[in-house]
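Student: Once you've had a glance at the structure underneath, I'll fire off some questions.
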Amino acid sequence: MEKAKVYFYENVKDLETGYDKFFKMIADELNTQEKIAIKIHFGADKNDTHLNPNHMKSLPKIFKKPIFIESNCLYPGRRHRSDEHIKLAHEHGFDFLEIDIIDGDLGRDYIEVEINTKNTKKAKISSGLQRYKNLVSVAHFKGHVAAGFGGALKNLGMGLGSRGGKLDMHSGIAPTVNEEKCTACGICAENCIADAITVEDYAIVDQDKCIGCAYCISVCPETAFRPPFGIRKGNEFLESIAEYALAGTIGYNWFYINGIVNITMICDCMRIKQTPFMDDIGIVYSKDPVAIDKASLDIVTEQNNGVNPFLKNNAMQEHILDYAEKIGLGTTKYELIHL
Ligand code: SF4
Ligand code: SF4
């Protein structure tokens, strides 16, 4: 496979110009009259190290119909349903484009995409993705507690999966209930479309009936459901993310930008303030999701005196790059072009 081109913009004092250059490069390849979707993470409540929307204000000048897209998250919080999710995005400054939460108001809308890969036969992809043809992943490159690091592959895989898809990637099994927290209110059972929950003294999930939609996790007012994080072994978790990324890219025209700024050890899903542990580096652009993550990781490692700072999160993290290459998502071989 040929080397992928990865473009590197390093002037961290003027990132607006960098985004502007990259958006124009994308526009040159497209009919800019068509709708273009920007897949982004708006940052969890209290997180202030997410990507800065002010750097992307040229979007409506370059494209005729740009729109931000995102999906709801797996666990309870302000990002678990569309209305509150959009309010939070606006509070974080993502208020200059329309926002489309692609797994629906309640995070339940998905289509099954048959990919027949090692861990995923049919991926549960947010159905609203089908509304778009041309898309840009704008991902924050930083650490991730389970995956090691997060960039384009994570933005695609975890970010395009529906709530059930996210559960699938994390665990592959149904949620369970913490009996001590459950008040037996019955809300989860009323909302379970698979009729998989019975409530007596506390709620019990029938593991055979459960379809893994994860809706119960978000409706429970007591946060009594335990998403079974960590059940998947390290490599299976990484492989599942790559498999979902594959499912979310087949048939679409994707471009990728990673912001290597505000580099924190854990991700923007955490509802806490974080402090970046190294200086901002710049932004990169590529048409290859594997090459852009490999290049981003190499750049961070080089700037950190040759040591990958995210190894403490997951020592096997680079497996996602090799596996993504193996299943045909892209290449780990790249040419870095300084702008
Ligand atoms: S919604 Fe939560 S508290 Fe209510 S029955 Fe279900 S698990 Fe228990
Ligand atoms: S994950 Fe979905 S199907 Fe399974 S128990 Fe919860 S609501 Fe029901």
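Going by the structure tokens order, chains are called A, B, ..., each with residues numbered from 1, while ligands are numbered from 1 in the order shown.
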Can you work out which residues are within 10 Å of ligand 1, considering only C-alpha atoms and all ligand atoms, and then hand them over as a PDB file with all heavy atoms, in the first residue's frame?

Tutor:
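Result saved to result27.pdb:
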```
ATOM      1  N   THR A 176     -25.901  -4.994  34.050  1.00  0.00           N
ATOM      2  CA  THR A 176     -26.459  -5.588  35.273  1.00  0.00           C
ATOM      3  C   THR A 176     -26.811  -4.460  36.239  1.00  0.00           C
ATOM      4  O   THR A 176     -26.412  -3.311  36.041  1.00  0.00           O
ATOM      5  CB  THR A 176     -25.448  -6.535  35.949  1.00  0.00           C
ATOM      6  OG1 THR A 176     -24.240  -5.803  36.165  1.00  0.00           O
ATOM      7  CG2 THR A 176     -25.170  -7.756  35.099  1.00  0.00           C
ATOM      8  N   VAL A 177     -27.570  -4.812  37.297  1.00  0.00           N
ATOM      9  CA  VAL A 177     -28.083  -3.786  38.209  1.00  0.00           C
ATOM     10  C   VAL A 177     -27.398  -3.898  39.570  1.00  0.00           C
ATOM     11  O   VAL A 177     -27.207  -4.996  40.109  1.00  0.00           O
ATOM     12  CB  VAL A 177     -29.611  -3.956  38.381  1.00  0.00           C
ATOM     13  CG1 VAL A 177     -30.166  -2.976  39.403  1.00  0.00           C
ATOM     14  CG2 VAL A 177     -30.315  -3.760  37.043  1.00  0.00           C
ATOM     15  N   ASN A 178     -27.053  -2.754  40.101  1.00  0.00           N
ATOM     16  CA  ASN A 178     -26.534  -2.690  41.464  1.00  0.00           C
ATOM     17  C   ASN A 178     -27.739  -2.704  42.413  1.00  0.00           C
ATOM     18  O   ASN A 178     -28.482  -1.721  42.505  1.00  0.00           O
ATOM     19  CB  ASN A 178     -25.718  -1.396  41.617  1.00  0.00           C
ATOM     20  CG  ASN A 178     -25.158  -1.233  43.004  1.00  0.00           C
ATOM     21  OD1 ASN A 178     -25.649  -1.835  43.960  1.00  0.00           O
ATOM     22  ND2 ASN A 178     -24.128  -0.413  43.115  1.00  0.00           N
ATOM     23  N   GLU A 179     -27.950  -3.829  43.080  1.00  0.00           N
ATOM     24  CA  GLU A 179     -29.162  -4.014  43.902  1.00  0.00           C
ATOM     25  C   GLU A 179     -29.275  -2.965  45.001  1.00  0.00           C
ATOM     26  O   GLU A 179     -30.362  -2.568  45.404  1.00  0.00           O
ATOM     27  CB  GLU A 179     -29.129  -5.396  44.569  1.00  0.00           C
ATOM     28  CG  GLU A 179     -29.130  -6.501  43.554  1.00  0.00           C
ATOM     29  CD  GLU A 179     -28.573  -7.797  44.120  1.00  0.00           C
ATOM     30  OE1 GLU A 179     -28.638  -7.994  45.345  1.00  0.00           O
ATOM     31  OE2 GLU A 179     -28.077  -8.606  43.317  1.00  0.00           O
ATOM     32  N   GLU A 180     -28.138  -2.531  45.526  1.00  0.00           N
ATOM     33  CA  GLU A 180     -28.154  -1.558  46.626  1.00  0.00           C
ATOM     34  C   GLU A 180     -28.694  -0.200  46.177  1.00  0.00           C
ATOM     35  O   GLU A 180     -29.322   0.502  46.945  1.00  0.00           O
ATOM     36  CB  GLU A 180     -26.727  -1.330  47.134  1.00  0.00           C
ATOM     37  CG  GLU A 180     -25.950  -2.601  47.265  1.00  0.00           C
ATOM     38  CD  GLU A 180     -25.577  -2.879  48.683  1.00  0.00           C
ATOM     39  OE1 GLU A 180     -24.862  -2.039  49.233  1.00  0.00           O
ATOM     40  OE2 GLU A 180     -26.020  -3.920  49.207  1.00  0.00           O
ATOM     41  N   LYS A 181     -28.442   0.147  44.911  1.00  0.00           N
ATOM     42  CA  LYS A 181     -28.871   1.461  44.427  1.00  0.00           C
ATOM     43  C   LYS A 181     -30.296   1.432  43.876  1.00  0.00           C
ATOM     44  O   LYS A 181     -30.978   2.444  43.826  1.00  0.00           O
ATOM     45  CB  LYS A 181     -27.929   1.959  43.326  1.00  0.00           C
ATOM     46  CG  LYS A 181     -26.562   2.390  43.839  1.00  0.00           C
ATOM     47  CD  LYS A 181     -25.662   2.819  42.707  1.00  0.00           C
ATOM     48  CE  LYS A 181     -25.587   4.313  42.550  1.00  0.00           C
ATOM     49  NZ  LYS A 181     -24.699   4.735  41.475  1.00  0.00           N
ATOM     50  N   CYS A 182     -30.759   0.285  43.448  1.00  0.00           N
ATOM     51  CA  CYS A 182     -32.063   0.189  42.780  1.00  0.00           C
ATOM     52  C   CYS A 182     -33.202   0.395  43.784  1.00  0.00           C
ATOM     53  O   CYS A 182     -33.232  -0.228  44.848  1.00  0.00           O
ATOM     54  CB  CYS A 182     -32.195  -1.189  42.123  1.00  0.00           C
ATOM     55  SG  CYS A 182     -33.806  -1.443  41.360  1.00  0.00           S
ATOM     56  N   THR A 183     -34.167   1.280  43.425  1.00  0.00           N
ATOM     57  CA  THR A 183     -35.322   1.540  44.293  1.00  0.00           C
ATOM     58  C   THR A 183     -36.574   0.826  43.783  1.00  0.00           C
ATOM     59  O   THR A 183     -37.675   1.086  44.256  1.00  0.00           O
ATOM     60  CB  THR A 183     -35.608   3.057  44.354  1.00  0.00           C
ATOM     61  OG1 THR A 183     -35.856   3.506  43.019  1.00  0.00           O
ATOM     62  CG2 THR A 183     -34.449   3.831  44.952  1.00  0.00           C
ATOM     63  N   ALA A 184     -36.399  -0.013  42.783  1.00  0.00           N
ATOM     64  CA  ALA A 184     -37.511  -0.785  42.196  1.00  0.00           C
ATOM     65  C   ALA A 184     -38.598   0.116  41.616  1.00  0.00           C
ATOM     66  O   ALA A 184     -39.780  -0.227  41.648  1.00  0.00           O
ATOM     67  CB  ALA A 184     -38.090  -1.755  43.232  1.00  0.00           C
ATOM     68  N   CYS A 185     -38.221   1.263  41.058  1.00  0.00           N
ATOM     69  CA  CYS A 185     -39.214   2.190  40.512  1.00  0.00           C
ATOM     70  C   CYS A 185     -39.856   1.663  39.228  1.00  0.00           C
ATOM     71  O   CYS A 185     -40.945   2.097  38.852  1.00  0.00           O
ATOM     72  CB  CYS A 185     -38.581   3.563  40.248  1.00  0.00           C
ATOM     73  SG  CYS A 185     -37.422   3.562  38.867  1.00  0.00           S
ATOM     74  N   GLY A 186     -39.173   0.807  38.510  1.00  0.00           N
ATOM     75  CA  GLY A 186     -39.753   0.189  37.319  1.00  0.00           C
ATOM     76  C   GLY A 186     -39.564   0.966  36.019  1.00  0.00           C
ATOM     77  O   GLY A 186     -39.993   0.522  34.948  1.00  0.00           O
ATOM     78  N   ILE A 187     -38.929   2.122  36.080  1.00  0.00           N
ATOM     79  CA  ILE A 187     -38.774   2.947  34.862  1.00  0.00           C
ATOM     80  C   ILE A 187     -38.001   2.183  33.779  1.00  0.00           C
ATOM     81  O   ILE A 187     -38.330   2.232  32.600  1.00  0.00           O
ATOM     82  CB  ILE A 187     -38.068   4.280  35.208  1.00  0.00           C
ATOM     83  CG1 ILE A 187     -38.992   5.139  36.060  1.00  0.00           C
ATOM     84  CG2 ILE A 187     -37.644   5.034  33.947  1.00  0.00           C
ATOM     85  CD1 ILE A 187     -38.362   6.400  36.624  1.00  0.00           C
ATOM     86  N   CYS A 188     -36.989   1.464  34.185  1.00  0.00           N
ATOM     87  CA  CYS A 188     -36.174   0.734  33.203  1.00  0.00           C
ATOM     88  C   CYS A 188     -37.017  -0.321  32.486  1.00  0.00           C
ATOM     89  O   CYS A 188     -36.950  -0.455  31.258  1.00  0.00           O
ATOM     90  CB  CYS A 188     -34.960   0.102  33.868  1.00  0.00           C
ATOM     91  SG  CYS A 188     -35.372  -0.983  35.241  1.00  0.00           S
ATOM     92  N   ALA A 189     -37.849  -1.042  33.249  1.00  0.00           N
ATOM     93  CA  ALA A 189     -38.676  -2.098  32.649  1.00  0.00           C
ATOM     94  C   ALA A 189     -39.681  -1.499  31.668  1.00  0.00           C
ATOM     95  O   ALA A 189     -39.910  -2.037  30.586  1.00  0.00           O
ATOM     96  CB  ALA A 189     -39.387  -2.880  33.744  1.00  0.00           C
ATOM     97  N   GLU A 190     -40.266  -0.344  32.051  1.00  0.00           N
ATOM     98  CA  GLU A 190     -41.232   0.314  31.155  1.00  0.00           C
ATOM     99  C   GLU A 190     -40.580   0.730  29.844  1.00  0.00           C
ATOM    100  O   GLU A 190     -41.224   0.784  28.800  1.00  0.00           O
ATOM    101  CB  GLU A 190     -41.791   1.589  31.818  1.00  0.00           C
ATOM    102  CG  GLU A 190     -42.816   1.337  32.880  1.00  0.00           C
ATOM    103  CD  GLU A 190     -42.982   2.553  33.795  1.00  0.00           C
ATOM    104  OE1 GLU A 190     -42.720   3.694  33.347  1.00  0.00           O
ATOM    105  OE2 GLU A 190     -43.335   2.348  34.969  1.00  0.00           O
ATOM    106  N   ASN A 191     -39.308   1.042  29.885  1.00  0.00           N
ATOM    107  CA  ASN A 191     -38.623   1.558  28.698  1.00  0.00           C
ATOM    108  C   ASN A 191     -37.846   0.504  27.923  1.00  0.00           C
ATOM    109  O   ASN A 191     -37.260   0.819  26.887  1.00  0.00           O
ATOM    110  CB  ASN A 191     -37.659   2.680  29.114  1.00  0.00           C
ATOM    111  CG  ASN A 191     -38.401   3.974  29.374  1.00  0.00           C
ATOM    112  OD1 ASN A 191     -38.753   4.679  28.447  1.00  0.00           O
ATOM    113  ND2 ASN A 191     -38.675   4.253  30.638  1.00  0.00           N
ATOM    114  N   CYS A 192     -37.821  -0.716  28.418  1.00  0.00           N
ATOM    115  CA  CYS A 192     -37.031  -1.752  27.740  1.00  0.00           C
ATOM    116  C   CYS A 192     -37.832  -2.320  26.565  1.00  0.00           C
ATOM    117  O   CYS A 192     -38.848  -2.983  26.759  1.00  0.00           O
ATOM    118  CB  CYS A 192     -36.663  -2.865  28.721  1.00  0.00           C
ATOM    119  SG  CYS A 192     -35.843  -4.234  27.892  1.00  0.00           S
ATOM    120  N   ILE A 197     -36.483  -6.797  31.287  1.00  0.00           N
ATOM    121  CA  ILE A 197     -36.263  -6.446  32.698  1.00  0.00           C
ATOM    122  C   ILE A 197     -37.493  -6.783  33.524  1.00  0.00           C
ATOM    123  O   ILE A 197     -38.619  -6.429  33.161  1.00  0.00           O
ATOM    124  CB  ILE A 197     -35.953  -4.936  32.847  1.00  0.00           C
ATOM    125  CG1 ILE A 197     -34.736  -4.564  31.991  1.00  0.00           C
ATOM    126  CG2 ILE A 197     -35.706  -4.567  34.315  1.00  0.00           C
ATOM    127  CD1 ILE A 197     -34.401  -3.079  31.987  1.00  0.00           C
ATOM    128  N   THR A 198     -37.294  -7.473  34.634  1.00  0.00           N
ATOM    129  CA  THR A 198     -38.376  -7.664  35.590  1.00  0.00           C
ATOM    130  C   THR A 198     -37.952  -6.999  36.898  1.00  0.00           C
ATOM    131  O   THR A 198     -36.759  -6.977  37.240  1.00  0.00           O
ATOM    132  CB  THR A 198     -38.655  -9.157  35.860  1.00  0.00           C
ATOM    133  OG1 THR A 198     -37.415  -9.798  36.114  1.00  0.00           O
ATOM    134  CG2 THR A 198     -39.338  -9.830  34.701  1.00  0.00           C
ATOM    135  N   VAL A 199     -38.955  -6.419  37.578  1.00  0.00           N
ATOM    136  CA  VAL A 199     -38.638  -5.710  38.818  1.00  0.00           C
ATOM    137  C   VAL A 199     -39.458  -6.289  39.955  1.00  0.00           C
ATOM    138  O   VAL A 199     -40.688  -6.312  39.905  1.00  0.00           O
ATOM    139  CB  VAL A 199     -38.952  -4.195  38.685  1.00  0.00           C
ATOM    140  CG1 VAL A 199     -38.542  -3.455  39.955  1.00  0.00           C
ATOM    141  CG2 VAL A 199     -38.255  -3.591  37.475  1.00  0.00           C
ATOM    142  N   GLU A 200     -38.767  -6.812  40.935  1.00  0.00           N
ATOM    143  CA  GLU A 200     -39.443  -7.199  42.182  1.00  0.00           C
ATOM    144  C   GLU A 200     -38.806  -6.363  43.291  1.00  0.00           C
ATOM    145  O   GLU A 200     -39.065  -5.167  43.371  1.00  0.00           O
ATOM    146  CB  GLU A 200     -39.324  -8.700  42.392  1.00  0.00           C
ATOM    147  CG  GLU A 200     -40.247  -9.424  41.380  1.00  0.00           C
ATOM    148  CD  GLU A 200     -40.187 -10.927  41.459  1.00  0.00           C
ATOM    149  OE1 GLU A 200     -39.644 -11.491  42.426  1.00  0.00           O
ATOM    150  OE2 GLU A 200     -40.695 -11.547  40.517  1.00  0.00           O
ATOM    151  N   ASP A 201     -37.937  -6.933  44.076  1.00  0.00           N
ATOM    152  CA  ASP A 201     -37.240  -6.107  45.075  1.00  0.00           C
ATOM    153  C   ASP A 201     -36.242  -5.175  44.400  1.00  0.00           C
ATOM    154  O   ASP A 201     -35.904  -4.110  44.913  1.00  0.00           O
ATOM    155  CB  ASP A 201     -36.487  -6.998  46.072  1.00  0.00           C
ATOM    156  CG  ASP A 201     -37.460  -7.813  46.908  1.00  0.00           C
ATOM    157  OD1 ASP A 201     -38.635  -7.395  46.963  1.00  0.00           O
ATOM    158  OD2 ASP A 201     -37.068  -8.849  47.459  1.00  0.00           O
ATOM    159  N   TYR A 202     -35.750  -5.600  43.269  1.00  0.00           N
ATOM    160  CA  TYR A 202     -34.853  -4.780  42.449  1.00  0.00           C
ATOM    161  C   TYR A 202     -34.958  -5.292  41.007  1.00  0.00           C
ATOM    162  O   TYR A 202     -35.581  -6.341  40.749  1.00  0.00           O
ATOM    163  CB  TYR A 202     -33.408  -4.843  42.959  1.00  0.00           C
ATOM    164  CG  TYR A 202     -32.872  -6.235  43.141  1.00  0.00           C
ATOM    165  CD1 TYR A 202     -32.276  -6.906  42.072  1.00  0.00           C
ATOM    166  CD2 TYR A 202     -32.977  -6.890  44.374  1.00  0.00           C
ATOM    167  CE1 TYR A 202     -31.798  -8.193  42.223  1.00  0.00           C
ATOM    168  CE2 TYR A 202     -32.496  -8.171  44.536  1.00  0.00           C
ATOM    169  CZ  TYR A 202     -31.905  -8.819  43.460  1.00  0.00           C
ATOM    170  OH  TYR A 202     -31.437 -10.090  43.608  1.00  0.00           O
ATOM    171  N   ALA A 203     -34.398  -4.524  40.082  1.00  0.00           N
ATOM    172  CA  ALA A 203     -34.513  -4.889  38.659  1.00  0.00           C
ATOM    173  C   ALA A 203     -33.521  -5.999  38.310  1.00  0.00           C
ATOM    174  O   ALA A 203     -32.376  -6.005  38.783  1.00  0.00           O
ATOM    175  CB  ALA A 203     -34.237  -3.661  37.801  1.00  0.00           C
ATOM    176  N   ILE A 204     -34.005  -6.915  37.479  1.00  0.00           N
ATOM    177  CA  ILE A 204     -33.129  -7.995  37.002  1.00  0.00           C
ATOM    178  C   ILE A 204     -33.204  -8.035  35.477  1.00  0.00           C
ATOM    179  O   ILE A 204     -34.302  -7.982  34.896  1.00  0.00           O
ATOM    180  CB  ILE A 204     -33.563  -9.366  37.566  1.00  0.00           C
ATOM    181  CG1 ILE A 204     -33.410  -9.363  39.088  1.00  0.00           C
ATOM    182  CG2 ILE A 204     -32.740 -10.502  36.950  1.00  0.00           C
ATOM    183  CD1 ILE A 204     -33.956 -10.596  39.760  1.00  0.00           C
ATOM    184  N   VAL A 205     -32.041  -8.088  34.827  1.00  0.00           N
ATOM    185  CA  VAL A 205     -31.993  -8.134  33.359  1.00  0.00           C
ATOM    186  C   VAL A 205     -31.874  -9.584  32.902  1.00  0.00           C
ATOM    187  O   VAL A 205     -30.983 -10.317  33.349  1.00  0.00           O
ATOM    188  CB  VAL A 205     -30.785  -7.325  32.828  1.00  0.00           C
ATOM    189  CG1 VAL A 205     -30.694  -7.434  31.301  1.00  0.00           C
ATOM    190  CG2 VAL A 205     -30.891  -5.862  33.247  1.00  0.00           C
ATOM    191  N   CYS A 216     -31.637   1.343  29.138  1.00  0.00           N
ATOM    192  CA  CYS A 216     -31.908   1.288  30.577  1.00  0.00           C
ATOM    193  C   CYS A 216     -30.839   2.043  31.381  1.00  0.00           C
ATOM    194  O   CYS A 216     -31.133   2.659  32.398  1.00  0.00           O
ATOM    195  CB  CYS A 216     -31.990  -0.167  31.045  1.00  0.00           C
ATOM    196  SG  CYS A 216     -30.560  -1.135  30.565  1.00  0.00           S
ATOM    197  N   ILE A 217     -29.615   2.007  30.899  1.00  0.00           N
ATOM    198  CA  ILE A 217     -28.521   2.656  31.620  1.00  0.00           C
ATOM    199  C   ILE A 217     -28.780   4.153  31.725  1.00  0.00           C
ATOM    200  O   ILE A 217     -28.542   4.773  32.759  1.00  0.00           O
ATOM    201  CB  ILE A 217     -27.169   2.401  30.894  1.00  0.00           C
ATOM    202  CG1 ILE A 217     -26.847   0.904  30.908  1.00  0.00           C
ATOM    203  CG2 ILE A 217     -26.034   3.189  31.536  1.00  0.00           C
ATOM    204  CD1 ILE A 217     -25.656   0.519  30.038  1.00  0.00           C
ATOM    205  N   SER A 218     -29.340   4.712  30.652  1.00  0.00           N
ATOM    206  CA  SER A 218     -29.515   6.163  30.683  1.00  0.00           C
ATOM    207  C   SER A 218     -30.823   6.596  31.325  1.00  0.00           C
ATOM    208  O   SER A 218     -30.916   7.723  31.791  1.00  0.00           O
ATOM    209  CB  SER A 218     -29.382   6.739  29.272  1.00  0.00           C
ATOM    210  OG  SER A 218     -30.470   6.341  28.502  1.00  0.00           O
ATOM    211  N   VAL A 219     -31.851   5.732  31.360  1.00  0.00           N
ATOM    212  CA  VAL A 219     -33.122   6.208  31.951  1.00  0.00           C
ATOM    213  C   VAL A 219     -33.191   6.031  33.468  1.00  0.00           C
ATOM    214  O   VAL A 219     -34.005   6.662  34.121  1.00  0.00           O
ATOM    215  CB  VAL A 219     -34.372   5.527  31.328  1.00  0.00           C
ATOM    216  CG1 VAL A 219     -34.529   5.911  29.870  1.00  0.00           C
ATOM    217  CG2 VAL A 219     -34.382   4.036  31.512  1.00  0.00           C
ATOM    218  N   CYS A 220     -32.357   5.208  34.024  1.00  0.00           N
ATOM    219  CA  CYS A 220     -32.454   4.928  35.459  1.00  0.00           C
ATOM    220  C   CYS A 220     -32.123   6.178  36.295  1.00  0.00           C
ATOM    221  O   CYS A 220     -31.023   6.711  36.210  1.00  0.00           O
ATOM    222  CB  CYS A 220     -31.502   3.800  35.843  1.00  0.00           C
ATOM    223  SG  CYS A 220     -31.437   3.565  37.628  1.00  0.00           S
ATOM    224  N   PRO A 221     -33.082   6.659  37.093  1.00  0.00           N
ATOM    225  CA  PRO A 221     -32.812   7.886  37.862  1.00  0.00           C
ATOM    226  C   PRO A 221     -31.793   7.678  38.978  1.00  0.00           C
ATOM    227  O   PRO A 221     -31.256   8.656  39.526  1.00  0.00           O
ATOM    228  CB  PRO A 221     -34.190   8.245  38.441  1.00  0.00           C
ATOM    229  CG  PRO A 221     -34.977   6.988  38.418  1.00  0.00           C
ATOM    230  CD  PRO A 221     -34.459   6.152  37.296  1.00  0.00           C
ATOM    231  N   GLU A 222     -31.543   6.428  39.342  1.00  0.00           N
ATOM    232  CA  GLU A 222     -30.603   6.149  40.450  1.00  0.00           C
ATOM    233  C   GLU A 222     -29.207   5.775  39.946  1.00  0.00           C
ATOM    234  O   GLU A 222     -28.357   5.375  40.736  1.00  0.00           O
ATOM    235  CB  GLU A 222     -31.139   4.993  41.314  1.00  0.00           C
ATOM    236  CG  GLU A 222     -32.570   5.160  41.797  1.00  0.00           C
ATOM    237  CD  GLU A 222     -32.746   6.383  42.683  1.00  0.00           C
ATOM    238  OE1 GLU A 222     -31.784   6.772  43.369  1.00  0.00           O
ATOM    239  OE2 GLU A 222     -33.845   6.967  42.655  1.00  0.00           O
ATOM    240  N   THR A 223     -29.008   5.834  38.639  1.00  0.00           N
ATOM    241  CA  THR A 223     -27.760   5.335  38.015  1.00  0.00           C
ATOM    242  C   THR A 223     -27.368   3.962  38.594  1.00  0.00           C
ATOM    243  O   THR A 223     -26.231   3.720  38.975  1.00  0.00           O
ATOM    244  CB  THR A 223     -26.577   6.324  38.157  1.00  0.00           C
ATOM    245  OG1 THR A 223     -26.298   6.521  39.528  1.00  0.00           O
ATOM    246  CG2 THR A 223     -26.837   7.634  37.469  1.00  0.00           C
ATOM    247  N   ALA A 224     -28.372   3.093  38.624  1.00  0.00           N
ATOM    248  CA  ALA A 224     -28.154   1.780  39.250  1.00  0.00           C
ATOM    249  C   ALA A 224     -27.577   0.736  38.286  1.00  0.00           C
ATOM    250  O   ALA A 224     -27.144  -0.324  38.724  1.00  0.00           O
ATOM    251  CB  ALA A 224     -29.477   1.272  39.835  1.00  0.00           C
ATOM    252  N   PHE A 225     -27.617   1.068  36.984  1.00  0.00           N
ATOM    253  CA  PHE A 225     -27.081   0.077  36.032  1.00  0.00           C
ATOM    254  C   PHE A 225     -25.576   0.172  35.963  1.00  0.00           C
ATOM    255  O   PHE A 225     -25.001   1.257  35.983  1.00  0.00           O
ATOM    256  CB  PHE A 225     -27.679   0.286  34.642  1.00  0.00           C
ATOM    257  CG  PHE A 225     -29.043  -0.316  34.527  1.00  0.00           C
ATOM    258  CD1 PHE A 225     -30.156   0.435  34.809  1.00  0.00           C
ATOM    259  CD2 PHE A 225     -29.194  -1.644  34.182  1.00  0.00           C
ATOM    260  CE1 PHE A 225     -31.418  -0.117  34.734  1.00  0.00           C
ATOM    261  CE2 PHE A 225     -30.451  -2.212  34.104  1.00  0.00           C
ATOM    262  CZ  PHE A 225     -31.566  -1.452  34.388  1.00  0.00           C
ATOM    263  N   ARG A 226     -24.983  -1.006  35.854  1.00  0.00           N
ATOM    264  CA  ARG A 226     -23.529  -1.052  35.706  1.00  0.00           C
ATOM    265  C   ARG A 226     -23.236  -1.376  34.251  1.00  0.00           C
ATOM    266  O   ARG A 226     -23.459  -2.512  33.835  1.00  0.00           O
ATOM    267  CB  ARG A 226     -22.931  -2.170  36.566  1.00  0.00           C
ATOM    268  CG  ARG A 226     -22.872  -1.853  38.035  1.00  0.00           C
ATOM    269  CD  ARG A 226     -22.208  -2.983  38.771  1.00  0.00           C
ATOM    270  NE  ARG A 226     -23.144  -4.093  38.893  1.00  0.00           N
ATOM    271  CZ  ARG A 226     -23.581  -4.585  40.042  1.00  0.00           C
ATOM    272  NH1 ARG A 226     -23.139  -4.099  41.174  1.00  0.00           N
ATOM    273  NH2 ARG A 226     -24.421  -5.588  40.055  1.00  0.00           N
TER     274      ARG A 226
END
```

Student: DSSP on the backbone, helix (DSSP H, G or I) only: what residues of region 16-184 of chain A does that give? Format it as number ranges by chain.

Tutor: A: 16-29, 53-56, 59-62, 82-91, 127-131, 152-160, 163-170

Student: For the residues in the current selection, export C-alpha atoms as a compact mmCIF listing (two decimals), in the first residue's frame.

Tutor:
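In the end it all went to again-v4.txt:
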```
# COMPACT_ATOMS: atom_id res chain seq x y z
CA GLU A 16 -7.92 29.20 13.08
CA THR A 17 -5.71 29.60 10.01
CA GLY A 18 -4.77 25.92 10.20
CA TYR A 19 -8.37 24.74 10.26
CA ASP A 20 -9.16 27.19 7.49
CA LYS A 21 -6.40 25.70 5.30
CA PHE A 22 -7.56 22.14 5.94
CA PHE A 23 -11.24 22.91 5.37
CA LYS A 24 -10.30 24.58 2.05
CA MET A 25 -8.28 21.50 1.03
CA ILE A 26 -11.39 19.40 1.70
CA ALA A 27 -13.63 21.86 -0.14
CA ASP A 28 -11.34 21.66 -3.19
CA GLU A 29 -12.19 17.97 -3.44
CA PRO A 53 -15.06 25.78 18.38
CA ASN A 54 -13.78 29.31 17.79
CA HIS A 55 -11.00 27.84 15.63
CA MET A 56 -13.61 26.40 13.25
CA LEU A 59 -16.82 26.42 8.27
CA PRO A 60 -19.97 28.26 7.11
CA LYS A 61 -17.88 30.50 4.86
CA ILE A 62 -16.21 27.55 3.12
CA SER A 82 -30.32 14.92 22.44
CA ASP A 83 -32.02 17.95 24.00
CA GLU A 84 -29.60 18.25 26.91
CA HIS A 85 -26.66 17.19 24.73
CA ILE A 86 -27.33 20.07 22.31
CA LYS A 87 -27.74 22.54 25.18
CA LEU A 88 -24.36 21.47 26.54
CA ALA A 89 -22.77 21.80 23.08
CA HIS A 90 -24.11 25.35 22.85
CA GLU A 91 -22.71 26.16 26.30
CA SER A 127 -28.99 5.66 11.76
CA GLY A 128 -28.74 9.43 11.18
CA LEU A 129 -25.35 8.89 9.57
CA GLN A 130 -27.26 7.88 6.46
CA ARG A 131 -28.35 11.50 6.02
CA ALA A 152 -9.85 9.68 14.49
CA LEU A 153 -10.48 5.94 14.97
CA LYS A 154 -12.10 6.52 18.34
CA ASN A 155 -14.13 9.46 17.00
CA LEU A 156 -15.46 7.19 14.28
CA GLY A 157 -15.85 3.89 16.10
CA MET A 158 -17.20 4.89 19.48
CA GLY A 159 -18.60 8.13 18.08
CA LEU A 160 -20.76 6.61 15.35
CA ARG A 163 -25.81 3.46 22.49
CA GLY A 164 -26.16 -0.30 22.01
CA GLY A 165 -23.13 -0.24 19.74
CA LYS A 166 -21.12 1.52 22.42
CA LEU A 167 -22.16 -1.13 24.93
CA ASP A 168 -21.18 -3.78 22.41
CA MET A 169 -17.68 -2.29 22.00
CA HIS A 170 -17.16 -1.90 25.72
```

Student: So how far away is CA of Gly148 (chain A) from CA of Ser171 (chain A), in Å?

Tutor: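 One can read the CA of Ser171 (chain A) to CA of Gly148 (chain A) distance as 16.9 Å.
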
Student: With distances taken over only C-alpha atoms and all ligand atoms, which of A:Pro175, A:Gly93, A:Gly330, A:Gly151 is nearest to ligand 2?

Tutor: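 Using only C-alpha atoms and all ligand atoms, the shortest distance to ligand 2 belongs to A:Pro175.
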
Student: If you run DSSP on the backbone, which residues of region 243-330 of chain A are strand (DSSP E or B), as a VMD selection string?

Tutor: chain A and resid 253 to 260 282 to 286

Student: Tell me, as a ChimeraX atom specification, which residues lie within 10 Å of Asp280 (chain A), counting only C-alpha atoms; anything in the same chain fewer than 3 positions away does not count.

Tutor: /A:10-13,259-263,276-277,283,300,303

Student: Might you pull out every residue within 8 Å of Ser126 (chain A), with only C-alpha atoms counted and same-chain residues fewer than 6 positions away left off, and present them as a list in words?

Tutor: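 Neighbouring residues, sequence-local ones excluded: Ser71, Ile102, Asp103, Asp109, Tyr110, Ile111, Leu160, Gly161 and Ser162 of chain A.
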
Student: Rank A:Phe94, A:Tyr215, A:Phe42, A:Phe68 by their smallest atom-to-atom distance to ligand 2, using only C-alpha atoms and all ligand atoms, and report the top residue only.

Tutor: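 Residue with the minimum atom-to-atom distance to ligand 2: A:Tyr215.
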